[in-house]
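Trainee: You'll find structure_8.cif just under this line, and it carries mmCIF, C-alpha atoms.
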data_structure
#
loop_
_atom_site.label_atom_id
_atom_site.label_comp_id
_atom_site.auth_asym_id
_atom_site.auth_seq_id
_atom_site.Cartn_x
_atom_site.Cartn_y
_atom_site.Cartn_z
CA MET T 30 0.00 0.00 0.00
CA PRO T 31 1.46 3.40 -0.94
CA ASP T 32 2.35 5.90 1.74
CA LEU T 33 -0.47 8.20 2.72
CA PRO T 34 0.25 11.80 3.67
CA ALA T 35 -0.01 12.86 7.28
CA THR T 36 -2.38 15.74 6.69
CA GLY T 37 -4.65 15.52 9.73
CA PRO T 38 -4.36 18.04 12.60
CA SER T 39 -4.75 15.42 15.28
CA ALA T 40 -1.91 13.93 17.29
CA GLY T 41 -3.08 10.42 18.07
CA SER T 42 -4.50 9.52 21.42
CA VAL T 43 -2.64 12.32 23.10
CA HIS T 44 -4.54 14.66 25.35
CA LYS T 45 -5.81 17.97 24.02
CA GLU T 46 -7.06 21.14 25.65
CA SER T 47 -10.82 21.55 25.22
CA ASP T 48 -12.85 23.85 27.45
CA ASN T 49 -9.92 23.89 29.91
CA ALA T 50 -10.12 20.11 30.32
CA LEU T 51 -7.86 17.37 29.12
CA VAL T 52 -9.73 15.23 26.61
CA SER T 53 -8.32 12.11 24.97
CA GLU T 54 -9.37 10.80 21.60
CA LEU T 55 -11.84 7.96 21.35
CA ASN T 56 -11.00 6.20 18.10
CA LEU T 57 -13.39 3.27 17.85
CA ILE T 58 -14.33 0.57 15.36
CA LEU T 59 -17.75 -1.09 15.47
CA VAL T 60 -18.00 -4.70 14.27
CA GLY T 61 -20.60 -7.43 14.32
CA PRO T 62 -22.77 -9.59 12.06
CA PRO T 63 -25.61 -8.16 9.99
CA GLY T 64 -28.66 -7.55 12.15
CA ALA T 65 -26.63 -7.13 15.34
CA GLY T 66 -28.00 -3.63 15.97
CA LYS T 67 -24.80 -1.74 15.21
CA GLY T 68 -26.68 1.19 13.73
CA THR T 69 -28.78 1.59 16.86
CA GLN T 70 -25.72 1.52 19.12
CA ALA T 71 -23.77 3.86 16.83
CA GLU T 72 -26.55 6.45 17.03
CA LYS T 73 -26.53 6.31 20.82
CA LEU T 74 -22.73 6.47 21.04
CA THR T 75 -22.57 9.57 18.88
CA GLU T 76 -25.00 11.23 21.29
CA ASP T 77 -23.18 10.01 24.42
CA PHE T 78 -19.67 11.02 23.42
CA GLY T 79 -20.07 13.51 20.57
CA LEU T 80 -18.30 11.21 18.14
CA PRO T 81 -18.81 11.44 14.38
CA TYR T 82 -20.07 8.18 12.86
CA PHE T 83 -18.35 7.10 9.66
CA ALA T 84 -20.03 4.27 7.77
CA THR T 85 -17.61 3.32 5.01
CA GLY T 86 -20.22 3.24 2.27
CA ASN T 87 -21.47 6.70 3.22
CA ILE T 88 -18.06 8.36 3.25
CA LEU T 89 -17.15 6.73 -0.07
CA ARG T 90 -20.31 8.09 -1.65
CA ALA T 91 -19.65 11.50 -0.11
CA ALA T 92 -16.12 11.57 -1.52
CA VAL T 93 -17.48 10.69 -4.96
CA ALA T 94 -20.17 13.38 -4.70
CA ASP T 95 -17.61 15.98 -3.56
CA GLY T 96 -15.32 15.11 -6.45
CA THR T 97 -12.16 14.69 -4.37
CA GLU T 98 -9.17 13.05 -6.01
CA LEU T 99 -9.72 9.88 -4.02
CA GLY T 100 -13.44 10.13 -4.71
CA LYS T 101 -12.73 10.18 -8.43
CA LYS T 102 -10.52 7.10 -8.10
CA ALA T 103 -13.20 5.31 -6.11
CA LYS T 104 -15.83 6.22 -8.72
CA GLU T 105 -13.78 4.62 -11.49
CA TYR T 106 -13.83 1.29 -9.68
CA MET T 107 -17.47 1.63 -8.63
CA ASP T 108 -18.58 2.49 -12.18
CA ALA T 109 -16.71 -0.55 -13.45
CA GLY T 110 -18.47 -2.74 -10.88
CA GLU T 111 -15.18 -3.52 -9.15
CA LEU T 112 -14.27 -3.43 -5.47
CA VAL T 113 -12.62 -0.20 -4.37
CA PRO T 114 -8.98 -1.01 -3.38
CA ASP T 115 -8.09 -0.88 0.29
CA ASP T 116 -5.61 1.98 -0.12
CA VAL T 117 -8.30 4.16 -1.71
CA ILE T 118 -10.81 3.34 1.03
CA ILE T 119 -8.25 4.10 3.73
CA GLY T 120 -7.35 7.35 2.00
CA VAL T 121 -11.01 8.37 1.99
CA ILE T 122 -11.27 7.44 5.68
CA LEU T 123 -8.22 9.56 6.52
CA GLU T 124 -9.71 12.48 4.59
CA ALA T 125 -12.85 12.22 6.69
CA LEU T 126 -10.76 12.14 9.88
CA GLU T 127 -9.09 15.43 8.92
CA GLY T 128 -12.29 17.31 9.72
CA GLU T 129 -12.68 19.24 12.95
CA GLU T 130 -15.59 17.03 13.97
CA ALA T 131 -13.23 14.06 14.22
CA SER T 132 -10.48 15.84 16.17
CA ASP T 133 -11.56 14.18 19.43
CA GLY T 134 -12.21 10.77 17.90
CA PHE T 135 -14.43 8.79 15.58
CA LEU T 136 -16.67 5.74 15.30
CA LEU T 137 -15.92 3.69 12.17
CA ASP T 138 -18.29 1.04 10.81
CA GLY T 139 -17.86 -1.18 7.75
CA PHE T 140 -14.07 -1.20 7.60
CA PRO T 141 -11.91 -3.17 8.18
CA ARG T 142 -13.66 -6.36 7.10
CA THR T 143 -10.56 -8.55 6.88
CA VAL T 144 -7.29 -8.97 8.77
CA PRO T 145 -5.15 -7.53 5.90
CA GLN T 146 -7.42 -4.48 5.90
CA ALA T 147 -6.97 -4.17 9.68
CA ASP T 148 -3.19 -4.23 9.24
CA ALA T 149 -3.35 -1.59 6.53
CA LEU T 150 -5.67 0.65 8.54
CA GLY T 151 -3.48 0.41 11.64
CA GLU T 152 -0.39 1.38 9.65
CA ALA T 153 -2.19 4.30 8.00
CA LEU T 154 -3.47 5.63 11.32
CA GLN T 155 0.00 5.36 12.82
CA LYS T 156 1.42 7.46 9.99
CA VAL T 157 -0.93 10.32 10.85
CA GLY T 158 -0.25 10.02 14.57
CA ARG T 159 -3.44 8.28 15.60
CA LYS T 160 -4.27 4.90 17.07
CA LEU T 161 -7.33 2.87 17.94
CA SER T 162 -8.83 3.13 21.42
CA GLY T 163 -11.01 0.05 21.12
CA VAL T 164 -12.97 -2.29 18.86
CA LEU T 165 -16.59 -2.84 19.90
CA LEU T 166 -18.02 -6.23 18.92
CA ILE T 167 -21.82 -6.53 19.05
CA ASP T 168 -22.15 -10.31 19.02
CA VAL T 169 -25.41 -12.08 18.13
CA PRO T 170 -25.97 -15.82 17.42
CA ASP T 171 -26.83 -16.71 13.83
CA ASP T 172 -30.32 -17.99 14.65
CA GLU T 173 -31.16 -14.70 16.36
CA VAL T 174 -29.89 -12.74 13.36
CA VAL T 175 -32.08 -14.81 11.02
CA LYS T 176 -35.09 -14.26 13.27
CA ARG T 177 -34.51 -10.52 13.41
CA LEU T 178 -33.93 -9.93 9.72
CA SER T 179 -36.35 -12.47 8.23
CA GLY T 180 -39.16 -11.04 10.36
CA ARG T 181 -38.90 -7.61 8.77
CA ARG T 182 -41.70 -6.45 6.47
CA THR T 183 -41.55 -3.37 4.27
CA CYS T 184 -44.35 -1.22 2.85
CA VAL T 185 -44.26 -1.39 -0.96
CA LYS T 186 -45.40 2.23 -1.28
CA SER T 187 -43.61 4.27 1.38
CA GLY T 188 -40.93 1.94 2.75
CA HIS T 189 -42.26 1.87 6.32
CA THR T 190 -40.82 -1.14 8.15
CA TYR T 191 -42.34 -3.53 10.66
CA HIS T 192 -41.37 -6.78 12.34
CA VAL T 193 -43.72 -9.72 12.68
CA ASP T 194 -42.57 -10.37 16.26
CA PHE T 195 -41.18 -7.11 17.66
CA ASP T 196 -43.21 -4.41 15.88
CA PRO T 197 -46.14 -6.02 14.01
CA PRO T 198 -48.70 -4.03 12.01
CA LYS T 199 -52.26 -3.82 13.30
CA HIS T 200 -53.41 -5.99 10.38
CA ASP T 201 -51.30 -8.78 8.89
CA GLU T 202 -49.32 -7.76 5.79
CA VAL T 203 -50.94 -4.29 5.67
CA CYS T 204 -49.14 -1.00 6.40
CA ASP T 205 -50.65 0.98 9.28
CA GLN T 206 -49.68 4.26 7.60
CA ASP T 207 -51.26 4.00 4.15
CA GLY T 208 -52.86 0.56 3.86
CA SER T 209 -50.35 -0.64 1.29
CA ARG T 210 -49.11 -4.21 1.06
CA LEU T 211 -46.18 -5.33 3.21
CA VAL T 212 -43.53 -7.57 1.68
CA GLN T 213 -40.42 -9.42 2.72
CA ARG T 214 -37.44 -8.03 0.81
CA ASP T 215 -35.12 -10.42 -1.00
CA ASP T 216 -32.31 -9.41 1.37
CA ASP T 217 -34.46 -10.56 4.29
CA GLN T 218 -35.05 -14.08 2.99
CA PRO T 219 -33.57 -16.66 5.43
CA ASP T 220 -31.34 -18.27 2.78
CA THR T 221 -29.92 -14.88 1.79
CA ILE T 222 -29.29 -13.95 5.41
CA ARG T 223 -27.40 -17.18 6.07
CA LYS T 224 -25.23 -16.55 3.00
CA ARG T 225 -24.39 -13.09 4.36
CA LEU T 226 -23.57 -14.65 7.72
CA ALA T 227 -21.29 -17.21 6.06
CA VAL T 228 -19.34 -14.37 4.41
CA TYR T 229 -19.12 -12.58 7.78
CA HIS T 230 -17.79 -15.68 9.55
CA GLU T 231 -15.23 -16.38 6.83
CA GLN T 232 -13.91 -12.87 6.22
CA THR T 233 -14.70 -10.67 9.22
CA GLU T 234 -14.83 -12.95 12.25
CA PRO T 235 -11.03 -13.45 12.21
CA LEU T 236 -10.84 -9.79 13.28
CA VAL T 237 -12.07 -10.90 16.71
CA GLU T 238 -8.90 -12.87 17.42
CA TYR T 239 -6.79 -10.20 15.70
CA TYR T 240 -7.99 -7.39 17.94
CA GLU T 241 -8.17 -9.58 21.05
CA GLY T 242 -4.46 -10.23 20.59
CA ARG T 243 -3.89 -6.48 20.64
CA ASP T 244 -6.04 -5.99 23.76
CA LEU T 245 -8.44 -3.77 21.81
CA LEU T 246 -11.55 -5.94 21.55
CA ARG T 247 -14.54 -5.36 23.80
CA ARG T 248 -17.37 -7.88 23.41
CA PHE T 249 -21.09 -7.18 24.01
CA ASP T 250 -24.06 -9.56 24.02
CA GLY T 251 -26.20 -8.16 21.22
CA SER T 252 -29.03 -10.60 21.95
CA ARG T 253 -29.96 -8.51 24.98
CA SER T 254 -32.31 -5.52 24.72
CA PRO T 255 -30.94 -2.44 22.92
CA THR T 256 -31.09 -0.51 26.21
CA ASP T 257 -29.06 -3.14 28.06
CA VAL T 258 -26.50 -3.27 25.25
CA HIS T 259 -26.26 0.51 25.21
CA ASP T 260 -25.71 0.71 28.97
CA HIS T 261 -22.88 -1.82 28.74
CA VAL T 262 -21.28 -0.18 25.70
CA ARG T 263 -21.50 3.32 27.18
CA ALA T 264 -19.88 2.23 30.45
CA THR T 265 -17.10 0.41 28.60
CA VAL T 266 -16.32 3.36 26.31
CA ALA T 267 -16.32 5.74 29.29
CA THR T 268 -13.80 3.43 30.98
CA LEU T 269 -11.63 3.38 27.86
CA ARG T 270 -11.51 7.17 27.86
CA LEU T 271 -10.73 7.29 31.58
CA GLU T 272 -7.93 4.72 31.26
CA ASP T 273 -6.34 6.69 28.45
CA GLU T 274 -6.44 9.90 30.47
CA LEU T 275 -4.71 8.35 33.51
#
Represent the structure from my file as structure tokens, please.
Mentor:
Amino acid sequence: MPDLPATGPSAGSVHKESDNALVSELNLILVGPPGAGKGTQAEKLTEDFGLPYFATGNILRAAVADGTELGKKAKEYMDAGELVPDDVIIGVILEALEGEEASDGFLLDGFPRTVPQADALGEALQKVGRKLSGVLLIDVPDDEVVKRLSGRRTCVKSGHTYHVDFDPPKHDEVCDQDGSRLVQRDDDQPDTIRKRLAVYHEQTEPLVEYYEGRDLLRRFDGSRSPTDVHDHVRATVATLRLEDEL
């Protein structure tokens, strides 16, 4: 991977003056299988700690829309239906981290997905004087994931979503909002979900051992209620910040 310029204003997990208080960066990665509730926890974490949330797909699309040099490179691969190379993705991530909103940390979701990507990301962060504070694993058993995702129903007209067990409509297969038909999306078919889980186990699950070996992994039981998971995650992240400040 080519060298990436150290253009960000941050200085790693060092302490910075902010409102006359010493504040350390919280540089976090969020991992877990599809349907683990990462989006829900990310939203709460951004509120709790004022962290910007960077979903890889979103920042890639933003770079393309903004017409940055890396965005143009990414667009060439995307238009050709090819995977965007790791060095381009990491470059886009580093561009996003240059912003003032990320000066006190970030929450990254969707990258890395493999151990080689984790190595490359760690090296790139080190070059710009930053390092990871922790990797948050929201862990959910496969059967629970299938139950969660296969139970979703979507309104064909407006896209309102329901769940046959957790948030059912008043009338079966009918949207409460506009009376339109509810359907199960192809992505929510059990066979499709299990294929996605197989890819996760093969490619992404090795990151668990990788980050455990670096004492960065923090594991959470995602089968518990979102509130319980949030309480545990929030306490753990607060402890990570405190430990780094001591």
Trainee: Could you pull the residues within 12 Å of Ala264 in chain T, counting all atoms listed in the file, minus those fewer than 3 positions along the same chain, as a PDB file with C-alpha atoms, in the frame of the given file?
Mentor:
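What landed in part.pdb:
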ATOM      1  CA  LEU T  74     -22.730   6.470  21.040  1.00  0.00           C
ATOM      2  CA  ASP T  77     -23.180  10.010  24.420  1.00  0.00           C
ATOM      3  CA  PHE T  78     -19.670  11.020  23.420  1.00  0.00           C
ATOM      4  CA  ARG T 247     -14.540  -5.360  23.800  1.00  0.00           C
ATOM      5  CA  PHE T 249     -21.090  -7.180  24.010  1.00  0.00           C
ATOM      6  CA  ASP T 257     -29.060  -3.140  28.060  1.00  0.00           C
ATOM      7  CA  VAL T 258     -26.500  -3.270  25.250  1.00  0.00           C
ATOM      8  CA  HIS T 259     -26.260   0.510  25.210  1.00  0.00           C
ATOM      9  CA  ASP T 260     -25.710   0.710  28.970  1.00  0.00           C
ATOM     10  CA  HIS T 261     -22.880  -1.820  28.740  1.00  0.00           C
ATOM     11  CA  ALA T 267     -16.320   5.740  29.290  1.00  0.00           C
ATOM     12  CA  THR T 268     -13.800   3.430  30.980  1.00  0.00           C
ATOM     13  CA  LEU T 269     -11.630   3.380  27.860  1.00  0.00           C
ATOM     14  CA  ARG T 270     -11.510   7.170  27.860  1.00  0.00           C
ATOM     15  CA  LEU T 271     -10.730   7.290  31.580  1.00  0.00           C
TER      16      LEU T 271
END
Trainee: When the PyMOL selection byres ((chain T and resi 96-107) around 12) is applied to the file above, which residues end up in the set, as a count of residues only?
Mentor: 29
Trainee: Quick one: distance from CA of Leu236 in chain T to CA of Lys176 in chain T in Å, one decimal?
Mentor: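 One can read the CA of Leu236 in chain T to CA of Lys176 in chain T distance as 24.7 Å.
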Trainee: Do you know which residues are at most 12 Å from Asp194 in chain T counting all atoms listed in the file, after dropping those on the same chain fewer than 2 positions away, and could you put them as a PyMOL selection string?
Mentor: chain T and resi 176-182+191-192+196-198+201
Trainee: If you count all atoms listed in the file, which residues fall within 8 Å of Asp250 in chain T, apart from same-chain ones fewer than 3 positions away, as a list in words?
Mentor: Ile167, Asp168, Val169, Arg253 and Val258 of chain T
Trainee: Using the chain letters and numbers from this file, what does the PyMOL selection byres ((chain T and resi 149) around 12) select? Give the answer as a list in words.
Mentor: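 Evaluating the PyMOL selection byres ((chain T and resi 149) around 12) on these coordinates yields Met30, Pro31, Asp32, Leu33, Pro114, Asp115, Asp116, Val117, Ile118, Ile119, Gly120, Phe140, Pro141, Arg142, Thr143, Val144, Pro145, Gln146, Ala147, Asp148, Leu150, Gly151, Glu152, Ala153, Leu154, Gln155 and Lys156 of chain T.
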Trainee: Once the PyMOL selection byres ((chain T and resi 127-137) around 8) is applied to the coordinates I shared, what remains selected? I want it as a VMD selection string.
Mentor: chain T and resid 36 to 39 52 to 59 71 75 80 to 85 123 to 126 138 to 140
Trainee: Please list as an NGL selection string every residue within 10 Å of Arg248 in chain T, counting only C-alpha atoms and excluding residues in the same chain fewer than 2 positions away.
Mentor: :T and (60-61 or 164-168 or 237 or 241 or 245-246 or 250-251 or 261-262 or 265)
Trainee: So what do you get for CA of Glu202 in chain T versus CA of Cys184 in chain T, distance-wise?
Mentor: 8.7 Å
Trainee: Please determine, counting only C-alpha atoms, which residue among T:Glu76, T:Gly188, T:Arg223, T:Phe195 has the shortest atom-to-atom distance to Ser209 in chain T.
Mentor: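 Result for the nearest residue to Ser209 in chain T: T:Gly188.
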Trainee: May I have the centre and edge lengths, in Å to one decimal, of an axis-aligned box around the listed atoms of range 111-125 of chain T with 5 Å added to every side, as AutoDock Vina command-line options?
Mentor:
--center_x -10.4 --center_y 4.5 --center_z -1.2 --size_x 19.6 --size_y 26.0 --size_z 25.8
Trainee: Quick check, in Å to one decimal: how far apart do CA of Asp172 in chain T and CA of Tyr240 in chain T lie?
Mentor: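 According to the coordinates, CA of Asp172 in chain T and CA of Tyr240 in chain T are separated by 24.9 Å.
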